[in-house]
>>> print(open('coords_35.cif').read())   # mmCIF, N, CA and C atoms
data_data
#
loop_
_atom_site.label_atom_id
_atom_site.label_comp_id
_atom_site.auth_asym_id
_atom_site.auth_seq_id
_atom_site.Cartn_x
_atom_site.Cartn_y
_atom_site.Cartn_z
N MET Q 1 -1.21 -15.37 17.82
CA MET Q 1 -2.61 -15.04 17.93
C MET Q 1 -2.74 -13.52 18.07
N ILE Q 2 -3.74 -12.98 17.44
CA ILE Q 2 -4.00 -11.54 17.52
C ILE Q 2 -4.84 -11.27 18.76
N ALA Q 3 -4.43 -10.30 19.54
CA ALA Q 3 -5.19 -9.93 20.73
C ALA Q 3 -6.46 -9.18 20.32
N ARG Q 4 -7.46 -9.27 21.15
CA ARG Q 4 -8.74 -8.62 20.86
C ARG Q 4 -8.57 -7.12 20.64
N ASP Q 5 -7.71 -6.49 21.44
CA ASP Q 5 -7.53 -5.04 21.28
C ASP Q 5 -6.90 -4.71 19.93
N GLN Q 6 -6.04 -5.60 19.43
CA GLN Q 6 -5.45 -5.40 18.10
C GLN Q 6 -6.51 -5.57 17.01
N ALA Q 7 -7.35 -6.57 17.16
CA ALA Q 7 -8.42 -6.79 16.20
C ALA Q 7 -9.40 -5.63 16.21
N LEU Q 8 -9.70 -5.12 17.39
CA LEU Q 8 -10.62 -3.98 17.49
C LEU Q 8 -10.01 -2.73 16.88
N ALA Q 9 -8.73 -2.51 17.10
CA ALA Q 9 -8.05 -1.36 16.49
C ALA Q 9 -8.08 -1.46 14.97
N ALA Q 10 -7.86 -2.65 14.45
CA ALA Q 10 -7.91 -2.85 13.00
C ALA Q 10 -9.33 -2.62 12.48
N ALA Q 11 -10.32 -3.13 13.19
CA ALA Q 11 -11.71 -2.93 12.78
C ALA Q 11 -12.07 -1.45 12.80
N ASP Q 12 -11.58 -0.73 13.80
CA ASP Q 12 -11.84 0.71 13.88
C ASP Q 12 -11.23 1.44 12.68
N GLU Q 13 -10.03 1.02 12.28
CA GLU Q 13 -9.39 1.63 11.11
C GLU Q 13 -10.18 1.34 9.84
N ILE Q 14 -10.68 0.12 9.73
CA ILE Q 14 -11.49 -0.24 8.56
C ILE Q 14 -12.76 0.61 8.51
N VAL Q 15 -13.43 0.75 9.65
CA VAL Q 15 -14.65 1.56 9.70
C VAL Q 15 -14.33 3.01 9.33
N ALA Q 16 -13.26 3.55 9.90
CA ALA Q 16 -12.91 4.95 9.62
C ALA Q 16 -12.61 5.17 8.14
N ALA Q 17 -11.84 4.27 7.55
CA ALA Q 17 -11.51 4.41 6.13
C ALA Q 17 -12.76 4.27 5.26
N THR Q 18 -13.63 3.36 5.65
CA THR Q 18 -14.86 3.16 4.89
C THR Q 18 -15.78 4.37 5.01
N GLN Q 19 -15.80 5.00 6.18
CA GLN Q 19 -16.60 6.21 6.36
C GLN Q 19 -16.10 7.34 5.47
N VAL Q 20 -14.79 7.45 5.33
CA VAL Q 20 -14.21 8.47 4.46
C VAL Q 20 -14.63 8.21 3.01
N GLY Q 21 -14.53 6.97 2.58
CA GLY Q 21 -14.92 6.62 1.22
C GLY Q 21 -16.40 6.87 0.97
N LYS Q 22 -17.24 6.54 1.95
CA LYS Q 22 -18.67 6.76 1.81
C LYS Q 22 -18.98 8.25 1.74
N ALA Q 23 -18.32 9.05 2.57
CA ALA Q 23 -18.56 10.49 2.55
C ALA Q 23 -18.19 11.08 1.20
N GLU Q 24 -17.09 10.62 0.64
CA GLU Q 24 -16.68 11.09 -0.69
C GLU Q 24 -17.71 10.68 -1.73
N ALA Q 25 -18.16 9.45 -1.67
CA ALA Q 25 -19.16 8.98 -2.63
C ALA Q 25 -20.46 9.77 -2.47
N ASP Q 26 -20.84 10.04 -1.22
CA ASP Q 26 -22.08 10.79 -0.98
C ASP Q 26 -22.01 12.20 -1.56
N ARG Q 27 -20.82 12.79 -1.57
CA ARG Q 27 -20.67 14.13 -2.16
C ARG Q 27 -20.86 14.09 -3.67
N HIS Q 28 -20.76 12.90 -4.24
CA HIS Q 28 -20.88 12.75 -5.69
C HIS Q 28 -22.11 11.92 -6.07
N GLY Q 29 -23.12 11.97 -5.25
CA GLY Q 29 -24.37 11.29 -5.58
C GLY Q 29 -24.61 9.97 -4.90
N GLY Q 30 -23.63 9.49 -4.16
CA GLY Q 30 -23.81 8.26 -3.39
C GLY Q 30 -23.43 7.01 -4.17
N SER Q 31 -23.27 5.94 -3.44
CA SER Q 31 -22.89 4.66 -4.02
C SER Q 31 -23.41 3.55 -3.12
N GLN Q 32 -24.21 2.67 -3.68
CA GLN Q 32 -24.71 1.55 -2.90
C GLN Q 32 -23.57 0.65 -2.43
N ASP Q 33 -22.54 0.52 -3.26
CA ASP Q 33 -21.38 -0.29 -2.86
C ASP Q 33 -20.72 0.29 -1.62
N CYS Q 34 -20.57 1.61 -1.56
CA CYS Q 34 -19.97 2.25 -0.39
C CYS Q 34 -20.86 2.10 0.83
N ASP Q 35 -22.18 2.23 0.63
CA ASP Q 35 -23.12 2.03 1.73
C ASP Q 35 -22.99 0.61 2.28
N ASP Q 36 -22.95 -0.36 1.36
CA ASP Q 36 -22.84 -1.76 1.77
C ASP Q 36 -21.51 -2.04 2.47
N ALA Q 37 -20.44 -1.42 1.98
CA ALA Q 37 -19.12 -1.62 2.60
C ALA Q 37 -19.10 -1.09 4.02
N LEU Q 38 -19.73 0.06 4.24
CA LEU Q 38 -19.77 0.61 5.60
C LEU Q 38 -20.57 -0.30 6.53
N VAL Q 39 -21.69 -0.79 6.06
CA VAL Q 39 -22.49 -1.71 6.88
C VAL Q 39 -21.67 -2.95 7.22
N ALA Q 40 -20.96 -3.49 6.25
CA ALA Q 40 -20.13 -4.68 6.49
C ALA Q 40 -19.02 -4.38 7.49
N ALA Q 41 -18.40 -3.21 7.37
CA ALA Q 41 -17.32 -2.84 8.29
C ALA Q 41 -17.84 -2.71 9.72
N ILE Q 42 -19.00 -2.10 9.86
CA ILE Q 42 -19.61 -1.95 11.19
C ILE Q 42 -19.99 -3.31 11.77
N ARG Q 43 -20.51 -4.19 10.93
CA ARG Q 43 -20.86 -5.54 11.39
C ARG Q 43 -19.61 -6.31 11.82
N TYR Q 44 -18.53 -6.15 11.07
CA TYR Q 44 -17.28 -6.81 11.43
C TYR Q 44 -16.79 -6.30 12.79
N ARG Q 45 -16.83 -4.98 12.98
CA ARG Q 45 -16.41 -4.40 14.26
C ARG Q 45 -17.25 -4.97 15.40
N GLN Q 46 -18.56 -5.09 15.17
CA GLN Q 46 -19.43 -5.64 16.20
C GLN Q 46 -19.09 -7.10 16.46
N HIS Q 47 -18.76 -7.83 15.41
CA HIS Q 47 -18.35 -9.23 15.57
C HIS Q 47 -17.12 -9.32 16.46
N VAL Q 48 -16.15 -8.43 16.24
CA VAL Q 48 -14.95 -8.41 17.08
C VAL Q 48 -15.34 -8.15 18.53
N LEU Q 49 -16.22 -7.19 18.75
CA LEU Q 49 -16.66 -6.88 20.12
C LEU Q 49 -17.39 -8.05 20.77
N ASP Q 50 -18.15 -8.78 19.97
CA ASP Q 50 -18.95 -9.90 20.50
C ASP Q 50 -18.13 -11.17 20.73
N THR Q 51 -16.94 -11.24 20.15
CA THR Q 51 -16.11 -12.43 20.29
C THR Q 51 -15.41 -12.42 21.64
N PRO Q 52 -15.57 -13.47 22.41
CA PRO Q 52 -14.94 -13.52 23.72
C PRO Q 52 -13.40 -13.44 23.61
N GLU Q 53 -12.80 -12.80 24.56
CA GLU Q 53 -11.33 -12.70 24.62
C GLU Q 53 -10.73 -14.09 24.61
N GLY Q 54 -9.69 -14.28 23.80
CA GLY Q 54 -8.99 -15.55 23.75
C GLY Q 54 -9.61 -16.58 22.82
N SER Q 55 -10.64 -16.16 22.07
CA SER Q 55 -11.29 -17.12 21.14
C SER Q 55 -10.56 -17.19 19.83
#
>>> encode(input="coords_35.cif", output="structure tokens")
Amino acid sequence: MIARDQALAAADEIVAATQVGKAEADRHGGSQDCDDALVAAIRYRQHVLDTPEGS
């Protein structure tokens, strides 16, 4: 089983990588796909935070 702190660390890495991709896309006119990916990554991170330990 993956510990919550491991899941949160992974979610943080996903958000950080997605932010980098979005920033690059924004420098080139933006991308709805990148915007949507960042929203999804942030929602996933929040889901990890909202999930009780040991679930």
>>> resolve_selection(input="coords_35.cif", expression="the PyMOL selection byres (((chain Q and resi 43-55 and name CA) around 7) and name CA)", output="CSV table (one decimal) with N, CA and C atoms, keeping the file's coordinate frame")
chain,number,residue,atom,x,y,z
Q,4,ARG,N,-7.5,-9.3,21.2
Q,4,ARG,CA,-8.7,-8.6,20.9
Q,4,ARG,C,-8.6,-7.1,20.6
Q,7,ALA,N,-7.4,-6.6,17.2
Q,7,ALA,CA,-8.4,-6.8,16.2
Q,7,ALA,C,-9.4,-5.6,16.2
Q,8,LEU,N,-9.7,-5.1,17.4
Q,8,LEU,CA,-10.6,-4.0,17.5
Q,8,LEU,C,-10.0,-2.7,16.9
Q,11,ALA,N,-10.3,-3.1,13.2
Q,11,ALA,CA,-11.7,-2.9,12.8
Q,11,ALA,C,-12.1,-1.4,12.8
Q,12,ASP,N,-11.6,-0.7,13.8
Q,12,ASP,CA,-11.8,0.7,13.9
Q,12,ASP,C,-11.2,1.4,12.7
Q,39,VAL,N,-21.7,-0.8,6.1
Q,39,VAL,CA,-22.5,-1.7,6.9
Q,39,VAL,C,-21.7,-3.0,7.2
Q,40,ALA,N,-21.0,-3.5,6.2
Q,40,ALA,CA,-20.1,-4.7,6.5
Q,40,ALA,C,-19.0,-4.4,7.5
Q,41,ALA,N,-18.4,-3.2,7.4
Q,41,ALA,CA,-17.3,-2.8,8.3
Q,41,ALA,C,-17.8,-2.7,9.7
Q,42,ILE,N,-19.0,-2.1,9.9
Q,42,ILE,CA,-19.6,-2.0,11.2
Q,42,ILE,C,-20.0,-3.3,11.8
>>> atom_distance(input="coords_35.cif", atom1="atom C of Gly21 (chain Q)", atom2="CA of Leu38 (chain Q)")
8.5 Å
>>> atom_distance(input="coords_35.cif", atom1="CA of Glu24 (chain Q)", atom2="CA of Ala9 (chain Q)")
22.9 Å
>>> atom_distance(input="coords_35.cif", atom1="CA of Asp35 (chain Q)", atom2="CA of Glu13 (chain Q)")
16.6 Å
>>> axis_aligned_box(input="coords_35.cif", around="region 30-38 of chain Q", padding_each_side="5 Å", output="lines of an AutoDock Vina configuration file")
center_x = -21.9
center_y = 3.7
center_z = 1.2
size_x = 15.6
size_y = 21.5
size_z = 20.7
>>> select_by_dssp(input="coords_35.cif", residues="chain Q", states="helix (DSSP H, G or I)", output="VMD selection string")
chain Q and resid 4 to 27 32 to 50
>>> write_last_selection(input="coords_35.cif", atoms="N, CA and C atoms", output="short mmCIF file (atom, residue, chain, number, x, y, z; two decimals), in the coordinates of the input")
data_model
loop_
_atom_site.label_atom_id
_atom_site.label_comp_id
_atom_site.auth_asym_id
_atom_site.auth_seq_id
_atom_site.Cartn_x
_atom_site.Cartn_y
_atom_site.Cartn_z
N ARG Q 4 -7.46 -9.27 21.15
CA ARG Q 4 -8.74 -8.62 20.86
C ARG Q 4 -8.57 -7.12 20.64
N ASP Q 5 -7.71 -6.49 21.44
CA ASP Q 5 -7.53 -5.04 21.28
C ASP Q 5 -6.90 -4.71 19.93
N GLN Q 6 -6.04 -5.60 19.43
CA GLN Q 6 -5.45 -5.40 18.10
C GLN Q 6 -6.51 -5.57 17.01
N ALA Q 7 -7.35 -6.57 17.16
CA ALA Q 7 -8.42 -6.79 16.20
C ALA Q 7 -9.40 -5.63 16.21
N LEU Q 8 -9.70 -5.12 17.39
CA LEU Q 8 -10.62 -3.98 17.49
C LEU Q 8 -10.01 -2.73 16.88
N ALA Q 9 -8.73 -2.51 17.10
CA ALA Q 9 -8.05 -1.36 16.49
C ALA Q 9 -8.08 -1.46 14.97
N ALA Q 10 -7.86 -2.65 14.45
CA ALA Q 10 -7.91 -2.85 13.00
C ALA Q 10 -9.33 -2.62 12.48
N ALA Q 11 -10.32 -3.13 13.19
CA ALA Q 11 -11.71 -2.93 12.78
C ALA Q 11 -12.07 -1.45 12.80
N ASP Q 12 -11.58 -0.73 13.80
CA ASP Q 12 -11.84 0.71 13.88
C ASP Q 12 -11.23 1.44 12.68
N GLU Q 13 -10.03 1.02 12.28
CA GLU Q 13 -9.39 1.63 11.11
C GLU Q 13 -10.18 1.34 9.84
N ILE Q 14 -10.68 0.12 9.73
CA ILE Q 14 -11.49 -0.24 8.56
C ILE Q 14 -12.76 0.61 8.51
N VAL Q 15 -13.43 0.75 9.65
CA VAL Q 15 -14.65 1.56 9.70
C VAL Q 15 -14.33 3.01 9.33
N ALA Q 16 -13.26 3.55 9.90
CA ALA Q 16 -12.91 4.95 9.62
C ALA Q 16 -12.61 5.17 8.14
N ALA Q 17 -11.84 4.27 7.55
CA ALA Q 17 -11.51 4.41 6.13
C ALA Q 17 -12.76 4.27 5.26
N THR Q 18 -13.63 3.36 5.65
CA THR Q 18 -14.86 3.16 4.89
C THR Q 18 -15.78 4.37 5.01
N GLN Q 19 -15.80 5.00 6.18
CA GLN Q 19 -16.60 6.21 6.36
C GLN Q 19 -16.10 7.34 5.47
N VAL Q 20 -14.79 7.45 5.33
CA VAL Q 20 -14.21 8.47 4.46
C VAL Q 20 -14.63 8.21 3.01
N GLY Q 21 -14.53 6.97 2.58
CA GLY Q 21 -14.92 6.62 1.22
C GLY Q 21 -16.40 6.87 0.97
N LYS Q 22 -17.24 6.54 1.95
CA LYS Q 22 -18.67 6.76 1.81
C LYS Q 22 -18.98 8.25 1.74
N ALA Q 23 -18.32 9.05 2.57
CA ALA Q 23 -18.56 10.49 2.55
C ALA Q 23 -18.19 11.08 1.20
N GLU Q 24 -17.09 10.62 0.64
CA GLU Q 24 -16.68 11.09 -0.69
C GLU Q 24 -17.71 10.68 -1.73
N ALA Q 25 -18.16 9.45 -1.67
CA ALA Q 25 -19.16 8.98 -2.63
C ALA Q 25 -20.46 9.77 -2.47
N ASP Q 26 -20.84 10.04 -1.22
CA ASP Q 26 -22.08 10.79 -0.98
C ASP Q 26 -22.01 12.20 -1.56
N ARG Q 27 -20.82 12.79 -1.57
CA ARG Q 27 -20.67 14.13 -2.16
C ARG Q 27 -20.86 14.09 -3.67
N GLN Q 32 -24.21 2.67 -3.68
CA GLN Q 32 -24.71 1.55 -2.90
C GLN Q 32 -23.57 0.65 -2.43
N ASP Q 33 -22.54 0.52 -3.26
CA ASP Q 33 -21.38 -0.29 -2.86
C ASP Q 33 -20.72 0.29 -1.62
N CYS Q 34 -20.57 1.61 -1.56
CA CYS Q 34 -19.97 2.25 -0.39
C CYS Q 34 -20.86 2.10 0.83
N ASP Q 35 -22.18 2.23 0.63
CA ASP Q 35 -23.12 2.03 1.73
C ASP Q 35 -22.99 0.61 2.28
N ASP Q 36 -22.95 -0.36 1.36
CA ASP Q 36 -22.84 -1.76 1.77
C ASP Q 36 -21.51 -2.04 2.47
N ALA Q 37 -20.44 -1.42 1.98
CA ALA Q 37 -19.12 -1.62 2.60
C ALA Q 37 -19.10 -1.09 4.02
N LEU Q 38 -19.73 0.06 4.24
CA LEU Q 38 -19.77 0.61 5.60
C LEU Q 38 -20.57 -0.30 6.53
N VAL Q 39 -21.69 -0.79 6.06
CA VAL Q 39 -22.49 -1.71 6.88
C VAL Q 39 -21.67 -2.95 7.22
N ALA Q 40 -20.96 -3.49 6.25
CA ALA Q 40 -20.13 -4.68 6.49
C ALA Q 40 -19.02 -4.38 7.49
N ALA Q 41 -18.40 -3.21 7.37
CA ALA Q 41 -17.32 -2.84 8.29
C ALA Q 41 -17.84 -2.71 9.72
N ILE Q 42 -19.00 -2.10 9.86
CA ILE Q 42 -19.61 -1.95 11.19
C ILE Q 42 -19.99 -3.31 11.77
N ARG Q 43 -20.51 -4.19 10.93
CA ARG Q 43 -20.86 -5.54 11.39
C ARG Q 43 -19.61 -6.31 11.82
N TYR Q 44 -18.53 -6.15 11.07
CA TYR Q 44 -17.28 -6.81 11.43
C TYR Q 44 -16.79 -6.30 12.79
N ARG Q 45 -16.83 -4.98 12.98
CA ARG Q 45 -16.41 -4.40 14.26
C ARG Q 45 -17.25 -4.97 15.40
N GLN Q 46 -18.56 -5.09 15.17
CA GLN Q 46 -19.43 -5.64 16.20
C GLN Q 46 -19.09 -7.10 16.46
N HIS Q 47 -18.76 -7.83 15.41
CA HIS Q 47 -18.35 -9.23 15.57
C HIS Q 47 -17.12 -9.32 16.46
N VAL Q 48 -16.15 -8.43 16.24
CA VAL Q 48 -14.95 -8.41 17.08
C VAL Q 48 -15.34 -8.15 18.53
N LEU Q 49 -16.22 -7.19 18.75
CA LEU Q 49 -16.66 -6.88 20.12
C LEU Q 49 -17.39 -8.05 20.77
N ASP Q 50 -18.15 -8.78 19.97
CA ASP Q 50 -18.95 -9.90 20.50
C ASP Q 50 -18.13 -11.17 20.73
#
>>> build_atoms(input="coords_35.cif", residues="region 17-40 of chain Q", atoms="N, CA, C and O atoms", output="PDB file, in the coordinates of the input")
ATOM      1  N   ALA Q  17     -11.840   4.270   7.550  1.00  0.00           N
ATOM      2  CA  ALA Q  17     -11.510   4.410   6.130  1.00  0.00           C
ATOM      3  C   ALA Q  17     -12.760   4.270   5.260  1.00  0.00           C
ATOM      4  O   ALA Q  17     -12.911   4.990   4.268  1.00  0.00           O
ATOM      5  N   THR Q  18     -13.630   3.360   5.650  1.00  0.00           N
ATOM      6  CA  THR Q  18     -14.860   3.160   4.890  1.00  0.00           C
ATOM      7  C   THR Q  18     -15.780   4.370   5.010  1.00  0.00           C
ATOM      8  O   THR Q  18     -16.430   4.760   4.034  1.00  0.00           O
ATOM      9  N   GLN Q  19     -15.800   5.000   6.180  1.00  0.00           N
ATOM     10  CA  GLN Q  19     -16.600   6.210   6.360  1.00  0.00           C
ATOM     11  C   GLN Q  19     -16.100   7.340   5.470  1.00  0.00           C
ATOM     12  O   GLN Q  19     -16.894   8.078   4.888  1.00  0.00           O
ATOM     13  N   VAL Q  20     -14.790   7.450   5.330  1.00  0.00           N
ATOM     14  CA  VAL Q  20     -14.210   8.470   4.460  1.00  0.00           C
ATOM     15  C   VAL Q  20     -14.630   8.210   3.010  1.00  0.00           C
ATOM     16  O   VAL Q  20     -15.048   9.134   2.301  1.00  0.00           O
ATOM     17  N   GLY Q  21     -14.530   6.970   2.580  1.00  0.00           N
ATOM     18  CA  GLY Q  21     -14.920   6.620   1.220  1.00  0.00           C
ATOM     19  C   GLY Q  21     -16.400   6.870   0.970  1.00  0.00           C
ATOM     20  O   GLY Q  21     -16.778   7.373  -0.090  1.00  0.00           O
ATOM     21  N   LYS Q  22     -17.240   6.540   1.950  1.00  0.00           N
ATOM     22  CA  LYS Q  22     -18.670   6.760   1.810  1.00  0.00           C
ATOM     23  C   LYS Q  22     -18.980   8.250   1.740  1.00  0.00           C
ATOM     24  O   LYS Q  22     -19.805   8.685   0.935  1.00  0.00           O
ATOM     25  N   ALA Q  23     -18.320   9.050   2.570  1.00  0.00           N
ATOM     26  CA  ALA Q  23     -18.560  10.490   2.550  1.00  0.00           C
ATOM     27  C   ALA Q  23     -18.190  11.080   1.200  1.00  0.00           C
ATOM     28  O   ALA Q  23     -18.920  11.932   0.655  1.00  0.00           O
ATOM     29  N   GLU Q  24     -17.090  10.620   0.640  1.00  0.00           N
ATOM     30  CA  GLU Q  24     -16.680  11.090  -0.690  1.00  0.00           C
ATOM     31  C   GLU Q  24     -17.710  10.680  -1.730  1.00  0.00           C
ATOM     32  O   GLU Q  24     -18.096  11.486  -2.583  1.00  0.00           O
ATOM     33  N   ALA Q  25     -18.160   9.450  -1.670  1.00  0.00           N
ATOM     34  CA  ALA Q  25     -19.160   8.980  -2.630  1.00  0.00           C
ATOM     35  C   ALA Q  25     -20.460   9.770  -2.470  1.00  0.00           C
ATOM     36  O   ALA Q  25     -21.097  10.133  -3.468  1.00  0.00           O
ATOM     37  N   ASP Q  26     -20.840  10.040  -1.220  1.00  0.00           N
ATOM     38  CA  ASP Q  26     -22.080  10.790  -0.980  1.00  0.00           C
ATOM     39  C   ASP Q  26     -22.010  12.200  -1.560  1.00  0.00           C
ATOM     40  O   ASP Q  26     -23.017  12.736  -2.028  1.00  0.00           O
ATOM     41  N   ARG Q  27     -20.820  12.790  -1.570  1.00  0.00           N
ATOM     42  CA  ARG Q  27     -20.670  14.130  -2.160  1.00  0.00           C
ATOM     43  C   ARG Q  27     -20.860  14.090  -3.670  1.00  0.00           C
ATOM     44  O   ARG Q  27     -21.095  15.116  -4.299  1.00  0.00           O
ATOM     45  N   HIS Q  28     -20.760  12.900  -4.240  1.00  0.00           N
ATOM     46  CA  HIS Q  28     -20.880  12.750  -5.690  1.00  0.00           C
ATOM     47  C   HIS Q  28     -22.110  11.920  -6.070  1.00  0.00           C
ATOM     48  O   HIS Q  28     -22.093  11.228  -7.086  1.00  0.00           O
ATOM     49  N   GLY Q  29     -23.120  11.970  -5.250  1.00  0.00           N
ATOM     50  CA  GLY Q  29     -24.370  11.290  -5.580  1.00  0.00           C
ATOM     51  C   GLY Q  29     -24.610   9.970  -4.900  1.00  0.00           C
ATOM     52  O   GLY Q  29     -25.654   9.372  -5.049  1.00  0.00           O
ATOM     53  N   GLY Q  30     -23.630   9.490  -4.160  1.00  0.00           N
ATOM     54  CA  GLY Q  30     -23.810   8.260  -3.390  1.00  0.00           C
ATOM     55  C   GLY Q  30     -23.430   7.010  -4.170  1.00  0.00           C
ATOM     56  O   GLY Q  30     -23.273   7.043  -5.390  1.00  0.00           O
ATOM     57  N   SER Q  31     -23.270   5.940  -3.440  1.00  0.00           N
ATOM     58  CA  SER Q  31     -22.890   4.660  -4.020  1.00  0.00           C
ATOM     59  C   SER Q  31     -23.410   3.550  -3.120  1.00  0.00           C
ATOM     60  O   SER Q  31     -23.071   3.507  -1.932  1.00  0.00           O
ATOM     61  N   GLN Q  32     -24.210   2.670  -3.680  1.00  0.00           N
ATOM     62  CA  GLN Q  32     -24.710   1.550  -2.900  1.00  0.00           C
ATOM     63  C   GLN Q  32     -23.570   0.650  -2.430  1.00  0.00           C
ATOM     64  O   GLN Q  32     -23.604   0.119  -1.334  1.00  0.00           O
ATOM     65  N   ASP Q  33     -22.540   0.520  -3.260  1.00  0.00           N
ATOM     66  CA  ASP Q  33     -21.380  -0.290  -2.860  1.00  0.00           C
ATOM     67  C   ASP Q  33     -20.720   0.290  -1.620  1.00  0.00           C
ATOM     68  O   ASP Q  33     -20.319  -0.452  -0.718  1.00  0.00           O
ATOM     69  N   CYS Q  34     -20.570   1.610  -1.560  1.00  0.00           N
ATOM     70  CA  CYS Q  34     -19.970   2.250  -0.390  1.00  0.00           C
ATOM     71  C   CYS Q  34     -20.860   2.100   0.830  1.00  0.00           C
ATOM     72  O   CYS Q  34     -20.369   1.875   1.942  1.00  0.00           O
ATOM     73  N   ASP Q  35     -22.180   2.230   0.630  1.00  0.00           N
ATOM     74  CA  ASP Q  35     -23.120   2.030   1.730  1.00  0.00           C
ATOM     75  C   ASP Q  35     -22.990   0.610   2.280  1.00  0.00           C
ATOM     76  O   ASP Q  35     -22.913   0.399   3.496  1.00  0.00           O
ATOM     77  N   ASP Q  36     -22.950  -0.360   1.360  1.00  0.00           N
ATOM     78  CA  ASP Q  36     -22.840  -1.760   1.770  1.00  0.00           C
ATOM     79  C   ASP Q  36     -21.510  -2.040   2.470  1.00  0.00           C
ATOM     80  O   ASP Q  36     -21.459  -2.813   3.435  1.00  0.00           O
ATOM     81  N   ALA Q  37     -20.440  -1.420   1.980  1.00  0.00           N
ATOM     82  CA  ALA Q  37     -19.120  -1.620   2.600  1.00  0.00           C
ATOM     83  C   ALA Q  37     -19.100  -1.090   4.020  1.00  0.00           C
ATOM     84  O   ALA Q  37     -18.516  -1.716   4.911  1.00  0.00           O
ATOM     85  N   LEU Q  38     -19.730   0.060   4.240  1.00  0.00           N
ATOM     86  CA  LEU Q  38     -19.770   0.610   5.600  1.00  0.00           C
ATOM     87  C   LEU Q  38     -20.570  -0.300   6.530  1.00  0.00           C
ATOM     88  O   LEU Q  38     -20.146  -0.554   7.658  1.00  0.00           O
ATOM     89  N   VAL Q  39     -21.690  -0.790   6.060  1.00  0.00           N
ATOM     90  CA  VAL Q  39     -22.490  -1.710   6.880  1.00  0.00           C
ATOM     91  C   VAL Q  39     -21.670  -2.950   7.220  1.00  0.00           C
ATOM     92  O   VAL Q  39     -21.644  -3.394   8.372  1.00  0.00           O
ATOM     93  N   ALA Q  40     -20.960  -3.490   6.250  1.00  0.00           N
ATOM     94  CA  ALA Q  40     -20.130  -4.680   6.490  1.00  0.00           C
ATOM     95  C   ALA Q  40     -19.020  -4.380   7.490  1.00  0.00           C
ATOM     96  O   ALA Q  40     -18.723  -5.202   8.366  1.00  0.00           O
TER      97      ALA Q  40
END
